[in-house]
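Taking it in order: structure first as structure tokens, then the write-up.
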Amino acid sequence: MFSSPRRLDLRLEYCGHVPLSEVSDAWQVLPVILKTSFSELRHPKFDQRWENRVATLESKHHNRICEIHFPDLPSFLWERFAAAMQKSFPELTNLQVSVYGVDPMSVLPDSFLGGSAPHLRQLGLEGISFPSVPRLLLSADGLVKLYLEDIPDSGYISPDAMATVLTVMTRLESLHLGFSFPRSHPSPASRPLPPPTRFLLPALTELSFKGVDGYLEDILARIDVPLLDGLYVQFFVDFDLDVPQLHRLIDHAEEFKACDHAEVLIFDFSICLSLSHKTRVVDWITLALKLHCGGLVSEQLSSLSQACNSSFPLMSTLEELEITEATNLSSHWNDDVENARWVELLDPFTVVRDLYVTDQIARRVCGALQELPGERAAEVLPALRNIFVDAPGSLEHIQEAIWPFVAARQLSGHPVAIDHWRKE
């Protein structure tokens with residue numbers, strides 16, 4: 001076994017229980033995986049184990065390290081970690097580090113990993129400021145997974161620099177890019193025109209982004225992602241959304257065209273739209289769009305309506321729509337303007353047959369729709385046939401809000417049935 005460790009792909013998984021120098025000489029030929037164990041958070045030797053791991057980075061054994069998994073690296077070890085990682089790690093293929101509680105002005109130096117990581121296949125940095133990461137990534141053209149999340153403001157990466165990095169990543173399968181805080185971006189009118197040709201990311205199947213919409217638009221204007229089957233976007237909303245490149249990306253992704261179920265989830269200060277396939281495994285979300293906006297439900301509905309207007313792709317495939325709230329939002333409702341916002345949101349869902357709502361949402365939606373005049377009442381959700389309400393007991397307590405709408409649809413020749421629904 002020890003005569004062919006590479007052919008057998010053997011690894012020594014080291015969690016810092018004792019200093020690596022005390023580990024049996026029999027294991028000295030194996031590449032090392034540095035990681036934490038799930039059960040050690042309250043272990044009496046928690047700090048000592050972390051000391052042993054970081055000491056391994058500083059030791060002569062660093063050239064054997066092939067993977068580093070450091071979730072929640074203690075802040076008291078940050079400076080030692082940053083200093084130890086300034087040399088080359090010739091065997092390193094996977095690096096995953098997250099840290100919190102560190103001075104926001106603390107940054108990884110240009111010499112991190114010796115400034116080059118040609119063998120790196122997976123890189124994940126969370127809550128870490130590393131302004132020079134584009135330069136390092138240009139040497140890591142074999143990357144398969146890249147996760148740069150909760151990037152502090154001091155570690156901001158420009159869209160130009162990020163786009164340049166992506167041009168060399170032809171093997172990249174998963175990209176997660178997320179900023180901790182919004183940073184202002186040029187208005188749509190002042191953005192440069194998209195390049196005449198876009199470069200191809202032939203292996204990318206998963207894309208996740210958190211930031212301002214203008215940043216993502218700048219990136220998407222330069223790339224084509226033909227195999228994309230998972231898209232997760234969070235926007236900090238501070239002005240009218242204008243996302244034609246996001247619409248183009250969604251429209252060109254074949255996997256998304258099979259989506260037939262949509263879910264709108266309302267939080268205290270955000271709203272999320274997710275799309276999935278009814279026939280697939282539960283909780284498998286193909287596309288999610290989350291908007292961080294004001295505390296009023298009317299503001300959240302308005303923001304989502306802007307993002308999902310009539311030009312939003314996939315609206316012609318969605319047969320089920322689910323609308324729920326994450327918490328009791330009674331203090332967030334704005335009755336004066338809310339009815340119009342509900343109509344704006346529901347207008348593009350022209351083929352939805354089944355609507356799933358909580359009793360609170362049912363009151364609001366049906367109240368808004370029943371106020372529509374004449375033929376307009378049948379133009380919103382024209383294919384609707386069933387409303388399923390997640391409510392305890394009978395539906396008598398919400399009949400006053402729902403039944404006028406049901407009666408109006410009956411008279412218009414577009415009958416709607418009401419039934420119970422229990423959300424799992």
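Identifiers in this document derive from the order of the structure tokens: chains are assigned A, B, ..., residues are numbered from 1 separately in each chain, and ligands are numbered from 1 in order of occurrence.
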Q.
I need the residues in segment 31-184 of chain A that are strand (DSSP E or B) according to DSSP; give them as a count of residues only.
A. 38
Mind dumping a table of every segment 117-169 of chain A residue within 12 Å of segment 198-205 of chain A, with the nearest atom pair and its distance in Å to one decimal, using only C-alpha atoms, sorted by chain and rising number, as a tab-separated table?
residue	atom	partner	partner_atom	distance
A:Gly142	CA	A:Ala203	CA	11.6
A:Leu143	CA	A:Ala203	CA	11.0
A:Val144	CA	A:Ala203	CA	8.6
A:Lys145	CA	A:Leu204	CA	9.3
A:Leu146	CA	A:Leu204	CA	10.8
A:Ala163	CA	A:Phe199	CA	9.6
A:Thr164	CA	A:Phe199	CA	10.3
A:Val165	CA	A:Leu201	CA	11.6
A:Leu166	CA	A:Leu201	CA	7.8
A:Thr167	CA	A:Phe199	CA	6.7
A:Val168	CA	A:Leu201	CA	9.1
A:Met169	CA	A:Leu201	CA	7.2
Could you list, as a CSV table (one decimal) with all heavy atoms, in the first residue's frame, every residue within 8 Å of segment 218-235 of chain A, counting only C-alpha atoms and ignoring same-chain residues fewer than 5 positions away?
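selection-v6.csv, written as the output of this step:
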chain,number,residue,atom,x,y,z
A,159,PRO,N,-15.7,44.3,-11.6
A,159,PRO,CA,-16.2,43.4,-12.7
A,159,PRO,C,-15.2,43.2,-13.8
A,159,PRO,O,-15.2,42.1,-14.4
A,159,PRO,CB,-17.5,44.1,-13.1
A,159,PRO,CG,-17.4,45.5,-12.6
A,159,PRO,CD,-16.6,45.5,-11.4
A,160,ASP,N,-14.5,44.2,-14.1
A,160,ASP,CA,-13.5,44.0,-15.2
A,160,ASP,C,-12.4,43.0,-14.8
A,160,ASP,O,-12.1,42.1,-15.6
A,160,ASP,CB,-12.7,45.3,-15.5
A,160,ASP,CG,-13.6,46.3,-16.3
A,160,ASP,OD1,-14.6,45.8,-16.9
A,160,ASP,OD2,-13.3,47.5,-16.3
A,162,MET,N,-12.8,40.6,-12.6
A,162,MET,CA,-13.4,39.3,-12.5
A,162,MET,C,-13.6,38.7,-13.8
A,162,MET,O,-13.4,37.5,-14.0
A,162,MET,CB,-14.7,39.4,-11.7
A,162,MET,CG,-15.3,38.1,-11.2
A,162,MET,SD,-14.2,37.4,-9.9
A,162,MET,CE,-14.2,35.7,-10.4
A,163,ALA,N,-14.0,39.5,-14.8
A,163,ALA,CA,-14.3,39.0,-16.1
A,163,ALA,C,-13.0,38.5,-16.8
A,163,ALA,O,-12.9,37.5,-17.5
A,163,ALA,CB,-14.9,40.1,-17.0
A,194,PRO,N,-22.1,46.3,-24.3
A,194,PRO,CA,-21.6,44.9,-24.2
A,194,PRO,C,-20.5,44.6,-25.4
A,194,PRO,O,-20.6,45.2,-26.5
A,194,PRO,CB,-22.8,44.0,-24.4
A,194,PRO,CG,-24.0,44.9,-24.1
A,194,PRO,CD,-23.5,46.3,-24.5
A,195,PRO,N,-19.6,43.8,-25.1
A,195,PRO,CA,-18.6,43.5,-26.1
A,195,PRO,C,-19.3,42.7,-27.3
A,195,PRO,O,-20.3,42.1,-27.1
A,195,PRO,CB,-17.6,42.5,-25.4
A,195,PRO,CG,-18.4,42.0,-24.3
A,195,PRO,CD,-19.3,43.0,-23.9
A,197,THR,N,-18.4,40.1,-28.9
A,197,THR,CA,-18.5,38.7,-28.7
A,197,THR,C,-18.3,38.4,-27.3
A,197,THR,O,-17.6,39.1,-26.5
A,197,THR,CB,-17.3,38.0,-29.5
A,197,THR,OG1,-16.1,38.5,-29.1
A,197,THR,CG2,-17.5,38.2,-31.0
A,198,ARG,N,-18.9,37.3,-26.8
A,198,ARG,CA,-18.8,36.8,-25.5
A,198,ARG,C,-17.9,35.6,-25.4
A,198,ARG,O,-17.9,34.8,-26.4
A,198,ARG,CB,-20.1,36.5,-24.9
A,198,ARG,CG,-21.0,37.8,-24.6
A,198,ARG,CD,-22.3,37.4,-24.0
A,198,ARG,NE,-23.2,36.8,-25.0
A,198,ARG,CZ,-24.1,37.4,-25.7
A,198,ARG,NH1,-24.2,38.8,-25.6
A,198,ARG,NH2,-24.8,36.8,-26.6
A,199,PHE,N,-17.1,35.4,-24.3
A,199,PHE,CA,-16.3,34.2,-24.2
A,199,PHE,C,-17.1,33.1,-23.5
A,199,PHE,O,-18.0,33.3,-22.8
A,199,PHE,CB,-15.0,34.5,-23.4
A,199,PHE,CG,-15.2,35.0,-22.1
A,199,PHE,CD1,-15.3,34.2,-21.0
A,199,PHE,CD2,-15.1,36.4,-21.8
A,199,PHE,CE1,-15.5,34.7,-19.7
A,199,PHE,CE2,-15.2,36.9,-20.5
A,199,PHE,CZ,-15.4,36.0,-19.5
A,200,LEU,N,-16.8,31.9,-23.8
A,200,LEU,CA,-17.5,30.7,-23.5
A,200,LEU,C,-17.0,30.1,-22.2
A,200,LEU,O,-15.8,29.9,-22.0
A,200,LEU,CB,-17.5,29.7,-24.6
A,200,LEU,CG,-18.3,28.4,-24.4
A,200,LEU,CD1,-19.8,28.7,-24.5
A,200,LEU,CD2,-17.9,27.4,-25.5
A,201,LEU,N,-17.9,29.8,-21.2
A,201,LEU,CA,-17.5,29.0,-20.1
A,201,LEU,C,-18.2,27.6,-20.3
A,201,LEU,O,-19.3,27.4,-19.8
A,201,LEU,CB,-18.0,29.6,-18.8
A,201,LEU,CG,-17.4,31.0,-18.4
A,201,LEU,CD1,-18.0,31.6,-17.2
A,201,LEU,CD2,-15.9,30.8,-18.2
A,202,PRO,N,-17.5,26.7,-21.0
A,202,PRO,CA,-18.1,25.5,-21.5
A,202,PRO,C,-18.5,24.5,-20.4
A,202,PRO,O,-19.4,23.6,-20.6
A,202,PRO,CB,-17.1,24.9,-22.4
A,202,PRO,CG,-15.8,25.4,-21.9
A,202,PRO,CD,-16.1,26.8,-21.3
A,203,ALA,N,-17.9,24.6,-19.2
A,203,ALA,CA,-18.2,23.6,-18.2
A,203,ALA,C,-19.0,24.1,-17.0
A,203,ALA,O,-19.5,23.3,-16.2
A,203,ALA,CB,-16.8,23.0,-17.6
A,204,LEU,N,-19.3,25.4,-17.0
A,204,LEU,CA,-20.0,26.0,-15.9
A,204,LEU,C,-21.5,25.5,-15.8
A,204,LEU,O,-22.2,25.7,-16.8
A,204,LEU,CB,-20.0,27.5,-15.9
A,204,LEU,CG,-20.4,28.2,-14.6
A,204,LEU,CD1,-19.3,28.0,-13.6
A,204,LEU,CD2,-20.6,29.7,-14.9
A,205,THR,N,-21.9,24.9,-14.7
A,205,THR,CA,-23.2,24.5,-14.5
A,205,THR,C,-23.9,25.2,-13.4
A,205,THR,O,-25.2,25.1,-13.3
A,205,THR,CB,-23.3,22.9,-14.2
A,205,THR,OG1,-22.5,22.6,-13.1
A,205,THR,CG2,-22.7,22.2,-15.4
A,206,GLU,N,-23.2,25.8,-12.5
A,206,GLU,CA,-23.8,26.4,-11.3
A,206,GLU,C,-23.2,27.8,-11.1
A,206,GLU,O,-22.0,28.0,-11.1
A,206,GLU,CB,-23.6,25.6,-10.0
A,206,GLU,CG,-24.2,26.2,-8.8
A,206,GLU,CD,-24.0,25.3,-7.6
A,206,GLU,OE1,-22.8,25.2,-7.1
A,206,GLU,OE2,-25.0,24.8,-7.0
A,207,LEU,N,-24.1,28.8,-11.0
A,207,LEU,CA,-23.7,30.2,-10.8
A,207,LEU,C,-24.5,30.8,-9.6
A,207,LEU,O,-25.7,30.8,-9.6
A,207,LEU,CB,-23.9,31.0,-12.1
A,207,LEU,CG,-23.6,32.5,-12.0
A,207,LEU,CD1,-22.2,32.8,-11.6
A,207,LEU,CD2,-24.0,33.2,-13.3
A,208,SER,N,-23.7,31.4,-8.7
A,208,SER,CA,-24.4,32.1,-7.5
A,208,SER,C,-23.8,33.4,-7.4
A,208,SER,O,-22.5,33.6,-7.5
A,208,SER,CB,-24.2,31.2,-6.3
A,208,SER,OG,-24.7,31.9,-5.1
A,209,PHE,N,-24.6,34.5,-7.2
A,209,PHE,CA,-24.1,35.8,-7.0
A,209,PHE,C,-24.9,36.6,-6.0
A,209,PHE,O,-26.1,36.4,-5.9
A,209,PHE,CB,-24.3,36.6,-8.4
A,209,PHE,CG,-23.9,38.0,-8.3
A,209,PHE,CD1,-22.6,38.4,-8.3
A,209,PHE,CD2,-24.9,39.0,-8.2
A,209,PHE,CE1,-22.2,39.8,-8.2
A,209,PHE,CE2,-24.5,40.4,-8.1
A,209,PHE,CZ,-23.2,40.7,-8.1
A,210,LYS,N,-24.2,37.4,-5.2
A,210,LYS,CA,-24.8,38.3,-4.3
A,210,LYS,C,-24.2,39.7,-4.4
A,210,LYS,O,-22.9,39.8,-4.2
A,210,LYS,CB,-24.7,37.8,-2.8
A,210,LYS,CG,-25.4,38.7,-1.8
A,210,LYS,CD,-25.3,38.1,-0.4
A,210,LYS,CE,-25.9,39.1,0.6
A,210,LYS,NZ,-25.8,38.5,2.0
A,211,GLY,N,-24.9,40.7,-4.7
A,211,GLY,CA,-24.3,42.1,-4.9
A,211,GLY,C,-25.4,43.0,-5.6
A,211,GLY,O,-26.6,42.7,-5.5
A,212,VAL,N,-24.9,44.0,-6.2
A,212,VAL,CA,-25.8,44.9,-7.0
A,212,VAL,C,-26.0,44.4,-8.4
A,212,VAL,O,-25.1,43.7,-8.9
A,212,VAL,CB,-25.2,46.3,-7.0
A,212,VAL,CG1,-25.1,46.9,-5.6
A,212,VAL,CG2,-23.8,46.4,-7.6
A,213,ASP,N,-27.1,44.7,-8.9
A,213,ASP,CA,-27.5,44.2,-10.3
A,213,ASP,C,-26.5,44.6,-11.4
A,213,ASP,O,-26.2,43.9,-12.3
A,213,ASP,CB,-28.9,44.5,-10.6
A,213,ASP,CG,-29.2,46.0,-10.7
A,213,ASP,OD1,-28.6,46.7,-9.8
A,213,ASP,OD2,-29.9,46.4,-11.5
A,245,GLN,N,-29.3,41.4,-19.3
A,245,GLN,CA,-28.4,40.3,-19.4
A,245,GLN,C,-28.8,39.1,-18.6
A,245,GLN,O,-28.6,37.9,-19.0
A,245,GLN,CB,-27.0,40.8,-19.0
A,245,GLN,CG,-26.4,41.9,-19.9
A,245,GLN,CD,-26.3,41.4,-21.4
A,245,GLN,OE1,-26.1,40.2,-21.7
A,245,GLN,NE2,-26.3,42.4,-22.3
A,246,LEU,N,-29.3,39.3,-17.4
A,246,LEU,CA,-29.9,38.2,-16.6
A,246,LEU,C,-31.0,37.5,-17.4
A,246,LEU,O,-31.1,36.3,-17.4
A,246,LEU,CB,-30.3,38.7,-15.3
A,246,LEU,CG,-30.9,37.6,-14.3
A,246,LEU,CD1,-29.9,36.5,-14.0
A,246,LEU,CD2,-31.4,38.3,-13.1
A,249,LEU,N,-29.5,35.4,-20.1
A,249,LEU,CA,-28.9,34.1,-19.6
A,249,LEU,C,-29.9,33.1,-19.3
A,249,LEU,O,-29.8,31.9,-19.7
A,249,LEU,CB,-28.1,34.5,-18.4
A,249,LEU,CG,-27.4,33.3,-17.7
A,249,LEU,CD1,-26.2,32.9,-18.5
A,249,LEU,CD2,-27.0,33.6,-16.3
A,252,HIS,N,-31.5,31.5,-22.5
A,252,HIS,CA,-30.7,30.7,-23.3
A,252,HIS,C,-30.4,29.4,-22.6
A,252,HIS,O,-29.8,28.5,-23.2
A,252,HIS,CB,-29.4,31.4,-23.6
A,252,HIS,CG,-29.6,32.5,-24.6
A,252,HIS,ND1,-28.6,33.2,-25.1
A,252,HIS,CD2,-30.7,32.9,-25.3
A,252,HIS,CE1,-29.0,34.1,-26.0
A,252,HIS,NE2,-30.3,33.9,-26.1
A,253,ALA,N,-30.7,29.2,-21.3
A,253,ALA,CA,-30.4,28.0,-20.5
A,253,ALA,C,-31.5,27.0,-20.7
A,253,ALA,O,-32.6,27.2,-20.2
A,253,ALA,CB,-30.2,28.3,-19.1
A,254,GLU,N,-31.2,25.9,-21.4
A,254,GLU,CA,-32.2,24.9,-21.8
A,254,GLU,C,-32.8,24.3,-20.5
A,254,GLU,O,-34.0,24.0,-20.5
A,254,GLU,CB,-31.6,23.8,-22.7
A,254,GLU,CG,-31.3,24.3,-24.1
A,254,GLU,CD,-32.5,24.8,-24.8
A,254,GLU,OE1,-33.6,24.1,-24.6
A,254,GLU,OE2,-32.4,25.7,-25.6
A,255,GLU,N,-32.0,24.1,-19.5
A,255,GLU,CA,-32.5,23.4,-18.3
A,255,GLU,C,-33.6,24.1,-17.6
A,255,GLU,O,-34.5,23.6,-17.0
A,255,GLU,CB,-31.3,23.2,-17.3
A,255,GLU,CG,-31.6,22.5,-16.0
A,255,GLU,CD,-32.0,21.0,-16.2
A,255,GLU,OE1,-31.6,20.5,-17.3
A,255,GLU,OE2,-32.6,20.4,-15.3
A,256,PHE,N,-33.6,25.5,-17.7
A,256,PHE,CA,-34.6,26.3,-17.0
A,256,PHE,C,-36.0,26.2,-17.7
A,256,PHE,O,-37.0,26.4,-17.0
A,256,PHE,CB,-34.2,27.7,-16.9
A,256,PHE,CG,-32.9,28.0,-16.1
A,256,PHE,CD1,-32.2,29.1,-16.3
A,256,PHE,CD2,-32.5,27.1,-15.2
A,256,PHE,CE1,-31.0,29.4,-15.6
A,256,PHE,CE2,-31.3,27.3,-14.5
A,256,PHE,CZ,-30.6,28.4,-14.7
A,285,ILE,N,-34.1,23.3,-6.2
A,285,ILE,CA,-34.4,24.6,-6.9
A,285,ILE,C,-33.4,24.8,-8.0
A,285,ILE,O,-32.2,24.8,-7.8
A,285,ILE,CB,-34.3,25.7,-5.8
A,285,ILE,CG1,-35.3,25.6,-4.7
A,285,ILE,CG2,-34.4,27.1,-6.5
A,285,ILE,CD1,-35.2,26.6,-3.6
A,286,THR,N,-33.9,25.1,-9.2
A,286,THR,CA,-33.1,25.3,-10.3
A,286,THR,C,-32.7,26.8,-10.5
A,286,THR,O,-31.6,27.1,-10.8
A,286,THR,CB,-33.9,24.9,-11.6
A,286,THR,OG1,-34.2,23.5,-11.5
A,286,THR,CG2,-33.1,25.2,-12.9
A,287,LEU,N,-33.6,27.7,-10.1
A,287,LEU,CA,-33.3,29.1,-10.2
A,287,LEU,C,-33.9,29.9,-9.0
A,287,LEU,O,-35.1,29.6,-8.7
A,287,LEU,CB,-33.9,29.7,-11.5
A,287,LEU,CG,-33.6,31.1,-11.9
A,287,LEU,CD1,-33.7,31.3,-13.5
A,287,LEU,CD2,-34.5,32.1,-11.3
A,288,ALA,N,-33.1,30.7,-8.4
A,288,ALA,CA,-33.6,31.5,-7.3
A,288,ALA,C,-33.2,33.0,-7.4
A,288,ALA,O,-32.0,33.2,-7.8
A,288,ALA,CB,-33.2,30.9,-6.0
A,289,LEU,N,-34.1,33.9,-7.2
A,289,LEU,CA,-33.8,35.3,-7.3
A,289,LEU,C,-34.3,36.0,-6.0
A,289,LEU,O,-35.5,36.0,-5.7
A,289,LEU,CB,-34.5,36.0,-8.5
A,289,LEU,CG,-34.4,37.5,-8.6
A,289,LEU,CD1,-32.9,37.9,-8.7
A,289,LEU,CD2,-35.3,38.0,-9.7
A,290,LYS,N,-33.4,36.5,-5.1
A,290,LYS,CA,-33.7,37.1,-3.9
A,290,LYS,C,-33.4,38.5,-3.9
A,290,LYS,O,-32.2,38.9,-4.3
A,290,LYS,CB,-33.0,36.4,-2.7
A,290,LYS,CG,-33.5,36.8,-1.3
A,290,LYS,CD,-32.9,35.9,-0.2
A,290,LYS,CE,-33.4,36.3,1.1
A,290,LYS,NZ,-32.9,35.4,2.2
A,291,LEU,N,-34.3,39.4,-3.5
A,291,LEU,CA,-34.1,40.8,-3.5
A,291,LEU,C,-34.1,41.4,-2.0
A,291,LEU,O,-35.1,41.2,-1.3
A,291,LEU,CB,-35.2,41.5,-4.3
A,291,LEU,CG,-35.4,41.0,-5.7
A,291,LEU,CD1,-36.5,41.7,-6.4
A,291,LEU,CD2,-34.1,41.1,-6.5
A,292,HIS,N,-33.0,42.0,-1.6
A,292,HIS,CA,-33.0,42.7,-0.3
A,292,HIS,C,-33.4,44.1,-0.5
A,292,HIS,O,-32.8,44.9,-1.2
A,292,HIS,CB,-31.5,42.6,0.2
A,292,HIS,CG,-31.0,41.2,0.4
A,292,HIS,ND1,-31.2,40.6,1.6
A,292,HIS,CD2,-30.4,40.4,-0.4
A,292,HIS,CE1,-30.6,39.4,1.5
A,292,HIS,NE2,-30.1,39.2,0.3
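Omitting Leu108 of chain A and its sequence neighbours fewer than 4 positions away, and counting only C-alpha atoms, the residues within 7 Å are Ala82, Phe112, Ser129 and Phe130 of chain A.
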What does the file look like for those residues with N, CA and C atoms, as a PDB file, in the first residue's frame?
ATOM      1  N   ALA A  82      -2.299  33.799   7.938  1.00  0.00           N
ATOM      2  CA  ALA A  82      -1.949  34.621   6.774  1.00  0.00           C
ATOM      3  C   ALA A  82      -0.446  34.590   6.512  1.00  0.00           C
ATOM      4  N   PHE A 112       0.284  35.543  -0.998  1.00  0.00           N
ATOM      5  CA  PHE A 112      -0.497  34.394  -0.552  1.00  0.00           C
ATOM      6  C   PHE A 112      -0.318  33.240  -1.533  1.00  0.00           C
ATOM      7  N   SER A 129     -10.761  39.286   3.138  1.00  0.00           N
ATOM      8  CA  SER A 129     -10.374  40.345   2.206  1.00  0.00           C
ATOM      9  C   SER A 129      -9.087  39.945   1.499  1.00  0.00           C
ATOM     10  N   PHE A 130      -9.161  39.837   0.178  1.00  0.00           N
ATOM     11  CA  PHE A 130      -8.009  39.427  -0.636  1.00  0.00           C
ATOM     12  C   PHE A 130      -8.070  40.168  -1.970  1.00  0.00           C
TER      13      PHE A 130
END
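Atom CA of Phe269 of chain A to atom CA of Gly101 of chain A spans 24.6 Å [interatomic distance, one decimal].
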Please list as a compact mmCIF listing (two decimals) with all heavy atoms, in the first residue's frame every residue within 9 Å of Leu304 of chain A, counting only C-alpha atoms and excluding residues in the same chain fewer than 4 positions away.
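The result, stored in selection32.txt:
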# COMPACT_ATOMS: atom_id res chain seq x y z
N ILE A 271 -37.47 39.53 -0.43
CA ILE A 271 -38.45 38.67 -1.08
C ILE A 271 -37.70 37.77 -2.06
O ILE A 271 -36.70 38.19 -2.66
CB ILE A 271 -39.52 39.53 -1.81
CG1 ILE A 271 -40.67 38.65 -2.31
CG2 ILE A 271 -38.91 40.35 -2.93
CD1 ILE A 271 -41.87 39.46 -2.78
N CYS A 272 -38.16 36.53 -2.19
CA CYS A 272 -37.42 35.56 -3.00
C CYS A 272 -38.37 34.83 -3.94
O CYS A 272 -39.46 34.40 -3.54
CB CYS A 272 -36.72 34.55 -2.09
SG CYS A 272 -35.76 33.30 -2.98
N LEU A 273 -37.96 34.70 -5.18
CA LEU A 273 -38.66 33.90 -6.18
C LEU A 273 -37.76 32.72 -6.53
O LEU A 273 -36.60 32.90 -6.90
CB LEU A 273 -38.94 34.71 -7.44
CG LEU A 273 -39.44 33.91 -8.65
CD1 LEU A 273 -40.86 33.40 -8.42
CD2 LEU A 273 -39.38 34.74 -9.93
N LEU A 289 -34.10 33.90 -7.20
CA LEU A 289 -33.81 35.33 -7.25
C LEU A 289 -34.30 35.95 -5.96
O LEU A 289 -35.50 35.95 -5.68
CB LEU A 289 -34.50 35.98 -8.45
CG LEU A 289 -34.40 37.50 -8.56
CD1 LEU A 289 -32.95 37.93 -8.73
CD2 LEU A 289 -35.25 38.01 -9.73
N LYS A 290 -33.38 36.47 -5.14
CA LYS A 290 -33.73 37.08 -3.87
C LYS A 290 -33.35 38.54 -3.88
O LYS A 290 -32.23 38.90 -4.28
CB LYS A 290 -33.01 36.36 -2.71
CG LYS A 290 -33.47 36.82 -1.33
CD LYS A 290 -32.87 35.94 -0.23
CE LYS A 290 -33.43 36.29 1.13
NZ LYS A 290 -32.88 35.41 2.20
N LEU A 291 -34.28 39.40 -3.45
CA LEU A 291 -34.08 40.84 -3.47
C LEU A 291 -34.11 41.37 -2.04
O LEU A 291 -35.09 41.19 -1.32
CB LEU A 291 -35.16 41.53 -4.30
CG LEU A 291 -35.36 40.99 -5.72
CD1 LEU A 291 -36.51 41.70 -6.41
CD2 LEU A 291 -34.08 41.13 -6.54
N GLU A 299 -43.15 47.39 -1.01
CA GLU A 299 -41.85 47.65 -1.62
C GLU A 299 -41.23 46.36 -2.16
O GLU A 299 -40.62 46.35 -3.23
CB GLU A 299 -40.91 48.29 -0.60
CG GLU A 299 -41.37 49.67 -0.11
CD GLU A 299 -40.47 50.19 0.99
OE1 GLU A 299 -39.63 49.42 1.50
OE2 GLU A 299 -40.61 51.37 1.35
N GLN A 300 -41.40 45.29 -1.42
CA GLN A 300 -40.85 44.01 -1.84
C GLN A 300 -41.56 43.52 -3.11
O GLN A 300 -40.91 43.04 -4.04
CB GLN A 300 -40.99 42.99 -0.71
CG GLN A 300 -40.20 43.38 0.54
CD GLN A 300 -40.57 42.55 1.74
OE1 GLN A 300 -41.31 41.59 1.63
NE2 GLN A 300 -40.07 42.92 2.90
N CYS A 308 -39.37 40.62 -12.56
CA CYS A 308 -40.13 39.56 -13.25
C CYS A 308 -41.27 40.17 -14.05
O CYS A 308 -42.43 39.77 -13.91
CB CYS A 308 -40.69 38.57 -12.23
SG CYS A 308 -39.43 37.80 -11.23
N ASN A 309 -40.95 41.13 -14.88
CA ASN A 309 -41.99 41.75 -15.71
C ASN A 309 -42.34 40.83 -16.87
O ASN A 309 -41.89 39.69 -16.95
CB ASN A 309 -41.55 43.13 -16.19
CG ASN A 309 -40.21 43.07 -16.92
OD1 ASN A 309 -39.94 42.14 -17.66
ND2 ASN A 309 -39.38 44.07 -16.72
N LEU A 345 -47.44 42.03 -9.70
CA LEU A 345 -46.66 40.80 -9.53
C LEU A 345 -47.31 39.63 -10.25
O LEU A 345 -46.64 38.82 -10.89
CB LEU A 345 -46.52 40.48 -8.04
CG LEU A 345 -45.79 39.17 -7.71
CD1 LEU A 345 -44.33 39.24 -8.14
CD2 LEU A 345 -45.88 38.87 -6.22
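Here atom CA of Ser180 of chain A is placed at a distance of 11.4 Å from atom CA of Pro104 of chain A.
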**Q.** alpha helix (DSSP H) call set, DSSP backbone run, segment 237-401 of chain A, as a count of residues only
**A.** 51
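In terms of minimum interatomic distance to Pro348 of chain A, A:Val380 ranks closest within A:Val380, A:Ala55, A:Leu120, A:Ala326, counting only C-alpha atoms.
The residue that comes closest to Thr327 of chain A, out of A:Glu91, A:Glu371, A:Asp268, A:Glu173 and on the basis of only C-alpha atoms, is A:Asp268.
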